[in-house]
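Everything on this sheet refers to the single structure shown next.
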Amino acid sequence: RDGKAEILVRGNNFHLCLYNGNCAFWVLQKSENHYHRLLFGTDYMDITENGDQVLPSRRNGFSDIVMKMHINASDTDYSYFGFDGRRYILRKCLVNTPKAGSYEDPKWEFITCNKYQRRIG
């Protein structure tokens with residue numbers, strides 16, 4: 001809402017995506033004759049339409065962003081970014097994963113990315 005156009009860009013072919021559906025994703029801001037990168041990451045294209053990354057919450061005048069990343073056959077990373085006045089920074093990271101020990105009849109839970117990293121070693 002600052003009068004400058006922001007653009008969401010996400011890859012959708014083998015040049016900008018990995019075999020698992022994780023694609024390059026940018027938030028760009030137009031200023032005069034060029035674009036300034038506010039955020040770069042990856043987003044899982046099979047479960048998110050482009051634009052669904054934008055959340056209703058805001059920081060410093062810019063919408064918060066969530067990107068999902070396919071980790072493996074069962075686990076998905078949700079990375080939440082907020083604008084710090086110059087660029088987007090990671091605010092929270094969660095993984096949707098089966099609860100430990102529930103693999104035959106999975107019970108799903110969200111855990112922090114740090115806890116997930118400790119769990120997988």
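We name chains A, B, ... following the order of the structure tokens; residues begin at 1 in each chain, and ligands are numbered from 1 as shown.
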
For this session: Would you please extract all helix (DSSP H, G or I) residues from range 9-116 of chain A, as assigned by DSSP on the backbone, and give them as number ranges by chain?
Result: A: 113-116

Exercise. If you run DSSP on the backbone, which residues of chain A are strand (DSSP E), as a VMD selection string?
Worked result: chain A and resid 6 to 10 22 to 31 34 to 44 54 to 59 62 to 70 76 to 83 88 to 98 108 to 112

Problem set entry | Close residues, Pro56 in chain A itself excluded, 12 Å, only C-alpha atoms, min 5 positions apart in chain, as a PyMOL selection string | chain A and resi 51+61-66+82

Problem set entry | Among listed residues A:Gly11, A:Gly121, A:Gly21, A:Gly85, nearest Asn50 in chain A (using only C-alpha atoms) |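 So, comparing all the options, the nearest one is A:Gly11.
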
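As for CA of Asn60 in chain A and CA of Cys113 in chain A, they are spaced 25.3 Å apart.
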
Problem set entry | Distance criterion (only C-alpha atoms): nearest to Leu28 in chain A out of A:Ala73, A:Met45, A:Met67, A:Ile7 |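 Checking each candidate against Leu28 in chain A, we get A:Ile7 as the closest.
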
Problem set entry | Best match for closeness to Lys99 in chain A among A:Thr42, A:Gln117, A:Ser74, A:Ser79, counting only C-alpha atoms | A:Ser74

Exercise. Between A:His70, A:His34, A:Arg10, A:Arg87, which is the closest to Asp52 in chain A once you count only C-alpha atoms?
Worked result: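 Using only C-alpha atoms, the shortest distance to Asp52 in chain A belongs to A:Arg10.
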
Exercise. What separation in Å, quoted to one decimal, exists between CA of Leu90 in chain A and CA of Asn33 in chain A?
Worked result: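 So the two atoms, CA of Leu90 in chain A and CA of Asn33 in chain A, lie 28.1 Å apart.
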
Exercise. Quick one: of A:Tyr35, A:Tyr44, A:Tyr78, A:Phe83, who's nearest to Thr97 in chain A, counting only C-alpha atoms?
Worked result: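 Closest to Thr97 in chain A, using only C-alpha atoms: A:Tyr78.
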
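Each of A:Val54, A:Ala5, A:Ile89, A:Cys17 was compared to Leu39 in chain A using only C-alpha atoms, and A:Ile89 turns out to be the nearest.
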
If we count only C-alpha atoms, what is near Val27 in chain A at a cut-off of 7 Å, once residues fewer than 4 positions away on the same chain are taken out, given as a short mmCIF file (atom, residue, chain, number, x, y, z; two decimals) with N, CA and C atoms, in the first residue's frame?
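Output file part_18.cif is given in full below:
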```cif
data_model
loop_
_atom_site.label_atom_id
_atom_site.label_comp_id
_atom_site.auth_asym_id
_atom_site.auth_seq_id
_atom_site.Cartn_x
_atom_site.Cartn_y
_atom_site.Cartn_z
N GLU A 6 4.29 -4.52 -6.20
CA GLU A 6 5.03 -5.72 -5.86
C GLU A 6 4.53 -6.84 -6.77
N ILE A 7 5.44 -7.71 -7.15
CA ILE A 7 5.12 -8.78 -8.07
C ILE A 7 5.56 -10.10 -7.47
N LEU A 8 4.69 -11.11 -7.54
CA LEU A 8 5.03 -12.47 -7.14
C LEU A 8 5.41 -13.25 -8.39
N VAL A 9 6.56 -13.91 -8.35
CA VAL A 9 7.02 -14.70 -9.48
C VAL A 9 7.35 -16.09 -8.97
N ARG A 37 14.62 -7.08 -5.42
CA ARG A 37 14.19 -8.34 -4.82
C ARG A 37 13.97 -8.15 -3.33
N LEU A 38 12.74 -8.43 -2.87
CA LEU A 38 12.41 -8.36 -1.45
C LEU A 38 12.50 -9.73 -0.78
N LEU A 39 12.32 -10.81 -1.58
CA LEU A 39 12.34 -12.16 -1.02
C LEU A 39 12.65 -13.14 -2.13
N PHE A 40 13.48 -14.14 -1.82
CA PHE A 40 13.73 -15.26 -2.72
C PHE A 40 13.67 -16.53 -1.91
#
```

Exercise. Which residues, written as a PyMOL selection string, have at least one atom at most 7 Å from Phe110 in chain A, with only C-alpha atoms counted and residues fewer than 3 positions away on the same chain left out?
Worked result: chain A and resi 94-97

For those residues, write C-alpha atoms to a file as a PDB file, in the first residue's frame.
```pdb
ATOM      1  CA  LEU A  94       7.045 -25.226  10.947  1.00  0.00           C
ATOM      2  CA  VAL A  95       6.959 -28.729   9.473  1.00  0.00           C
ATOM      3  CA  ASN A  96       3.768 -30.743   9.015  1.00  0.00           C
ATOM      4  CA  THR A  97       4.878 -34.313   9.705  1.00  0.00           C
TER       5      THR A  97
END
```
